[in-house]
>>> print(open('target_14.cif').read())   # mmCIF, C-alpha atoms
data_data
loop_
_atom_site.group_PDB
_atom_site.id
_atom_site.type_symbol
_atom_site.label_atom_id
_atom_site.label_comp_id
_atom_site.auth_asym_id
_atom_site.auth_seq_id
_atom_site.Cartn_x
_atom_site.Cartn_y
_atom_site.Cartn_z
ATOM 1 C CA MET A 1 0.348 -75.333 18.740
ATOM 2 C CA ASN A 2 -0.584 -72.277 16.673
ATOM 3 C CA ARG A 3 0.362 -74.130 13.515
ATOM 4 C CA ILE A 4 -2.026 -77.008 14.304
ATOM 5 C CA ILE A 5 -4.883 -74.592 15.006
ATOM 6 C CA LEU A 6 -4.183 -72.768 11.740
ATOM 7 C CA GLN A 7 -4.171 -76.040 9.800
ATOM 8 C CA LEU A 8 -7.484 -77.113 11.336
ATOM 9 C CA PHE A 9 -8.972 -73.718 10.516
ATOM 10 C CA ALA A 10 -7.759 -73.952 6.899
ATOM 11 C CA VAL A 11 -9.271 -77.414 6.407
ATOM 12 C CA GLY A 12 -12.541 -76.361 8.066
ATOM 13 C CA PHE A 13 -12.723 -73.254 5.885
ATOM 14 C CA CYS A 14 -12.334 -75.314 2.718
ATOM 15 C CA PHE A 15 -15.110 -77.689 3.785
ATOM 16 C CA ALA A 16 -17.365 -74.729 4.602
ATOM 17 C CA ILE A 17 -16.784 -73.313 1.124
ATOM 18 C CA GLY A 18 -17.504 -76.752 -0.345
ATOM 19 C CA GLN A 19 -20.964 -76.803 1.262
ATOM 20 C CA ALA A 20 -22.206 -73.749 -0.664
ATOM 21 C CA LEU A 21 -23.943 -74.682 -3.913
ATOM 22 C CA GLN A 22 -22.396 -73.134 -7.012
ATOM 23 C CA CYS A 23 -24.487 -72.535 -10.108
ATOM 24 C CA TYR A 24 -24.232 -70.931 -13.491
ATOM 25 C CA GLU A 25 -26.057 -67.629 -13.765
ATOM 26 C CA CYS A 26 -27.491 -65.966 -16.853
ATOM 27 C CA LYS A 27 -29.919 -63.107 -16.371
ATOM 28 C CA ILE A 28 -31.549 -63.517 -19.783
ATOM 29 C CA GLY A 29 -30.649 -65.323 -22.970
ATOM 30 C CA PHE A 30 -32.310 -65.714 -26.343
ATOM 31 C CA TRP A 31 -32.491 -68.904 -28.418
ATOM 32 C CA ASN A 32 -29.322 -70.893 -27.565
ATOM 33 C CA LEU A 33 -27.262 -67.894 -26.438
ATOM 34 C CA CYS A 34 -27.005 -67.397 -22.676
ATOM 35 C CA LEU A 35 -23.766 -65.838 -21.385
ATOM 36 C CA THR A 36 -23.041 -67.347 -17.992
ATOM 37 C CA THR A 37 -21.027 -66.566 -14.897
ATOM 38 C CA LYS A 38 -20.673 -68.602 -11.717
ATOM 39 C CA THR A 39 -22.598 -67.685 -8.582
ATOM 40 C CA THR A 40 -22.977 -69.122 -5.078
ATOM 41 C CA CYS A 41 -26.482 -69.826 -3.808
ATOM 42 C CA LYS A 42 -27.799 -68.792 -0.436
ATOM 43 C CA SER A 43 -29.195 -71.258 2.075
ATOM 44 C CA GLY A 44 -32.516 -72.674 0.881
ATOM 45 C CA GLU A 45 -31.735 -72.151 -2.803
ATOM 46 C CA GLN A 46 -30.940 -74.537 -5.646
ATOM 47 C CA CYS A 47 -29.598 -74.135 -9.166
ATOM 48 C CA PHE A 48 -32.217 -73.638 -11.853
ATOM 49 C CA SER A 49 -32.543 -73.458 -15.605
ATOM 50 C CA GLY A 50 -35.474 -71.531 -16.985
ATOM 51 C CA VAL A 51 -36.845 -72.039 -20.482
ATOM 52 C CA GLY A 52 -39.717 -70.089 -21.949
ATOM 53 C CA LYS A 53 -41.313 -68.216 -24.827
ATOM 54 C CA ALA A 54 -41.672 -64.464 -25.173
ATOM 55 C CA ALA A 55 -44.405 -63.056 -27.399
ATOM 56 C CA GLY A 56 -45.268 -66.643 -28.305
ATOM 57 C CA PHE A 57 -42.268 -67.275 -30.564
ATOM 58 C CA VAL A 58 -38.939 -66.028 -29.071
ATOM 59 C CA ASP A 59 -37.109 -68.673 -27.017
ATOM 60 C CA ILE A 60 -35.763 -67.205 -23.775
ATOM 61 C CA LYS A 61 -33.493 -68.768 -21.175
ATOM 62 C CA THR A 62 -32.299 -67.872 -17.704
ATOM 63 C CA LYS A 63 -30.111 -69.598 -15.089
ATOM 64 C CA GLY A 64 -29.094 -69.017 -11.510
ATOM 65 C CA CYS A 65 -30.176 -69.702 -7.927
ATOM 66 C CA LEU A 66 -33.818 -70.016 -6.921
ATOM 67 C CA ALA A 67 -35.690 -70.600 -3.661
ATOM 68 C CA VAL A 68 -36.699 -74.255 -3.386
ATOM 69 C CA ALA A 69 -40.383 -73.276 -3.029
ATOM 70 C CA ASP A 70 -40.285 -71.686 -6.520
ATOM 71 C CA CYS A 71 -38.671 -74.678 -8.246
ATOM 72 C CA ASN A 72 -40.246 -76.747 -11.011
ATOM 73 C CA GLN A 73 -43.035 -74.313 -11.775
ATOM 74 C CA THR A 74 -44.283 -72.564 -14.886
ATOM 75 C CA LYS A 75 -45.238 -68.928 -14.480
ATOM 76 C CA GLU A 76 -46.733 -66.446 -16.887
ATOM 77 C CA VAL A 77 -45.945 -62.748 -16.851
ATOM 78 C CA ASN A 78 -48.938 -60.744 -17.979
ATOM 79 C CA PHE A 79 -49.177 -57.129 -19.022
ATOM 80 C CA PRO A 80 -52.571 -55.454 -18.708
ATOM 81 C CA THR A 81 -53.753 -53.778 -21.894
ATOM 82 C CA SER A 82 -57.197 -52.159 -22.295
ATOM 83 C CA GLY A 83 -58.874 -54.304 -19.654
ATOM 84 C CA SER A 84 -57.473 -57.634 -20.847
ATOM 85 C CA ASN A 85 -54.323 -59.461 -19.845
ATOM 86 C CA THR A 86 -51.765 -60.262 -22.507
ATOM 87 C CA THR A 87 -49.115 -62.860 -21.713
ATOM 88 C CA VAL A 88 -45.704 -61.306 -22.291
ATOM 89 C CA TYR A 89 -43.843 -64.543 -21.606
ATOM 90 C CA SER A 90 -44.163 -67.869 -19.831
ATOM 91 C CA MET A 91 -41.208 -69.676 -18.267
ATOM 92 C CA THR A 92 -40.645 -73.056 -16.646
ATOM 93 C CA LYS A 93 -37.872 -73.100 -14.034
ATOM 94 C CA THR A 94 -36.409 -76.538 -13.345
ATOM 95 C CA CYS A 95 -34.099 -77.006 -10.358
ATOM 96 C CA CYS A 96 -31.201 -79.282 -9.499
ATOM 97 C CA ASN A 97 -29.012 -79.498 -6.392
ATOM 98 C CA ASN A 98 -25.458 -80.342 -7.480
ATOM 99 C CA ASP A 99 -22.656 -77.880 -8.128
ATOM 100 C CA LEU A 100 -22.920 -76.338 -11.604
ATOM 101 C CA CYS A 101 -25.726 -78.726 -12.569
ATOM 102 C CA ASN A 102 -27.736 -76.135 -14.526
ATOM 103 C CA ALA A 103 -26.304 -76.861 -17.982
ATOM 104 C CA ALA A 104 -22.665 -76.579 -17.005
ATOM 105 C CA PRO A 105 -20.228 -76.274 -19.888
ATOM 106 C CA GLY A 106 -16.811 -77.823 -19.582
ATOM 107 C CA LEU A 107 -15.550 -80.971 -17.958
ATOM 108 C CA PRO A 108 -17.627 -82.842 -15.390
ATOM 109 C CA GLY A 109 -16.132 -82.987 -11.903
ATOM 110 C CA THR A 110 -14.400 -79.623 -12.178
ATOM 111 C CA SER A 111 -15.949 -78.337 -8.942
ATOM 112 C CA GLY A 112 -14.601 -81.320 -6.958
ATOM 113 C CA LEU A 113 -11.161 -80.777 -8.427
ATOM 114 C CA SER A 114 -11.290 -77.080 -7.475
ATOM 115 C CA LEU A 115 -12.173 -77.951 -3.883
ATOM 116 C CA ALA A 116 -9.323 -80.463 -3.669
ATOM 117 C CA LEU A 117 -6.832 -77.925 -5.040
ATOM 118 C CA ALA A 118 -8.082 -75.265 -2.608
ATOM 119 C CA THR A 119 -7.631 -77.672 0.319
ATOM 120 C CA ILE A 120 -4.085 -78.582 -0.745
ATOM 121 C CA ALA A 121 -3.183 -74.906 -1.224
ATOM 122 C CA ALA A 122 -4.571 -73.989 2.220
ATOM 123 C CA LEU A 123 -2.580 -76.788 3.887
ATOM 124 C CA PHE A 124 0.568 -75.742 2.026
ATOM 125 C CA VAL A 125 0.176 -72.116 3.190
ATOM 126 C CA ALA A 126 -0.542 -73.260 6.756
ATOM 127 C CA ASN A 127 2.657 -75.335 6.786
ATOM 128 C CA MET A 128 4.710 -72.370 5.589
ATOM 129 C CA VAL A 129 3.554 -70.159 8.493
#
>>> encode(input="target_14.cif", output="structure tokens")
Amino acid sequence: MNRIILQLFAVGFCFAIGQALQCYECKIGFWNLCLTTKTTCKSGEQCFSGVGKAAGFVDIKTKGCLAVADCNQTKEVNFPTSGSNTTVYSMTKTCCNNDLCNAAPGLPGTSGLSLALATIAALFVANMV
């Protein structure tokens, strides 16, 4: 009986992990260089890719998780100087809602494969107990 409960828990845990949206994250990148890591979004967030210009000529990029209300918008960051506002940079953040959809390098379908392997591993461990 305990073994069946443990197996059900393991399968449920894997499905719960599968529900969280995974995205690539890059705090700031310049031109085509943006070093990424993987991150898991919170509820109400989607993956985003941000593209913008700093000082009018430097391409900047950012990636990560973003609240849905802030998606698909262009914002300018201004810095007040001598009574006038100077735009430091403007950035458009575009969202998507699939695992690793924000310019994911590597093979497509990797996240589904990872979930399947995690499920098999959890069942294997549960059967050994």
>>> residues_around(input="target_14.cif", residues="region 68-74 of chain A", least_positions_apart="5", cutoff="8 Å", atoms="all atoms listed in the file", output="list in words")
Gly44, Glu45, Gln46, Phe48, Ser90, Met91, Thr92, Lys93, Thr94 and Cys95 of chain A
>>> write_last_selection(input="target_14.cif", atoms="C-alpha atoms", output="mmCIF file, in the frame of the given file")
data_model
loop_
_atom_site.group_PDB
_atom_site.id
_atom_site.type_symbol
_atom_site.label_atom_id
_atom_site.label_comp_id
_atom_site.auth_asym_id
_atom_site.auth_seq_id
_atom_site.Cartn_x
_atom_site.Cartn_y
_atom_site.Cartn_z
ATOM 1 C CA GLY A 44 -32.516 -72.674 0.881
ATOM 2 C CA GLU A 45 -31.735 -72.151 -2.803
ATOM 3 C CA GLN A 46 -30.940 -74.537 -5.646
ATOM 4 C CA PHE A 48 -32.217 -73.638 -11.853
ATOM 5 C CA SER A 90 -44.163 -67.869 -19.831
ATOM 6 C CA MET A 91 -41.208 -69.676 -18.267
ATOM 7 C CA THR A 92 -40.645 -73.056 -16.646
ATOM 8 C CA LYS A 93 -37.872 -73.100 -14.034
ATOM 9 C CA THR A 94 -36.409 -76.538 -13.345
ATOM 10 C CA CYS A 95 -34.099 -77.006 -10.358
#
>>> closest_residue(input="target_14.cif", among="A:Ser43, A:Thr37, A:Ser49, A:Asn32", to="Cys101 (chain A)", atoms="only C-alpha atoms")
A:Ser49
>>> axis_aligned_box(input="target_14.cif", around="region 53-59 of chain A", padding_each_side="5 Å", output="lines of an AutoDock Vina configuration file")
center_x = -41.2
center_y = -65.9
center_z = -27.7
size_x = 18.2
size_y = 15.6
size_z = 15.7
>>> closest_residue(input="target_14.cif", among="A:Cys23, A:Lys38, A:Leu66, A:Tyr89", to="Val51 (chain A)", atoms="only C-alpha atoms")
A:Tyr89
>>> atom_distance(input="target_14.cif", atom1="CA of Asn98 (chain A)", atom2="CA of Val77 (chain A)")
28.6 Å
>>> atom_distance(input="target_14.cif", atom1="CA of Ala67 (chain A)", atom2="CA of Thr36 (chain A)")
19.4 Å
>>> residues_near_point(input="target_14.cif", point="(-27.7, -73.8, -19.1)", cutoff="10 Å", atoms="all atoms listed in the file", output="PDB file with C-alpha atoms, keeping the file's coordinate frame")
ATOM      1  CA  CYS A  23     -24.487 -72.535 -10.108  1.00  0.00           C
ATOM      2  CA  TYR A  24     -24.232 -70.931 -13.491  1.00  0.00           C
ATOM      3  CA  GLU A  25     -26.057 -67.629 -13.765  1.00  0.00           C
ATOM      4  CA  CYS A  26     -27.491 -65.966 -16.853  1.00  0.00           C
ATOM      5  CA  GLY A  29     -30.649 -65.323 -22.970  1.00  0.00           C
ATOM      6  CA  ASN A  32     -29.322 -70.893 -27.565  1.00  0.00           C
ATOM      7  CA  LEU A  33     -27.262 -67.894 -26.438  1.00  0.00           C
ATOM      8  CA  CYS A  34     -27.005 -67.397 -22.676  1.00  0.00           C
ATOM      9  CA  LEU A  35     -23.766 -65.838 -21.385  1.00  0.00           C
ATOM     10  CA  THR A  36     -23.041 -67.347 -17.992  1.00  0.00           C
ATOM     11  CA  PHE A  48     -32.217 -73.638 -11.853  1.00  0.00           C
ATOM     12  CA  SER A  49     -32.543 -73.458 -15.605  1.00  0.00           C
ATOM     13  CA  GLY A  50     -35.474 -71.531 -16.985  1.00  0.00           C
ATOM     14  CA  VAL A  51     -36.845 -72.039 -20.482  1.00  0.00           C
ATOM     15  CA  LYS A  61     -33.493 -68.768 -21.175  1.00  0.00           C
ATOM     16  CA  THR A  62     -32.299 -67.872 -17.704  1.00  0.00           C
ATOM     17  CA  LYS A  63     -30.111 -69.598 -15.089  1.00  0.00           C
ATOM     18  CA  GLY A  64     -29.094 -69.017 -11.510  1.00  0.00           C
ATOM     19  CA  LEU A 100     -22.920 -76.338 -11.604  1.00  0.00           C
ATOM     20  CA  CYS A 101     -25.726 -78.726 -12.569  1.00  0.00           C
ATOM     21  CA  ASN A 102     -27.736 -76.135 -14.526  1.00  0.00           C
ATOM     22  CA  ALA A 103     -26.304 -76.861 -17.982  1.00  0.00           C
ATOM     23  CA  ALA A 104     -22.665 -76.579 -17.005  1.00  0.00           C
ATOM     24  CA  PRO A 105     -20.228 -76.274 -19.888  1.00  0.00           C
TER      25      PRO A 105
END
>>> atom_distance(input="target_14.cif", atom1="CA of Gly52 (chain A)", atom2="CA of Asn97 (chain A)")
21.1 Å
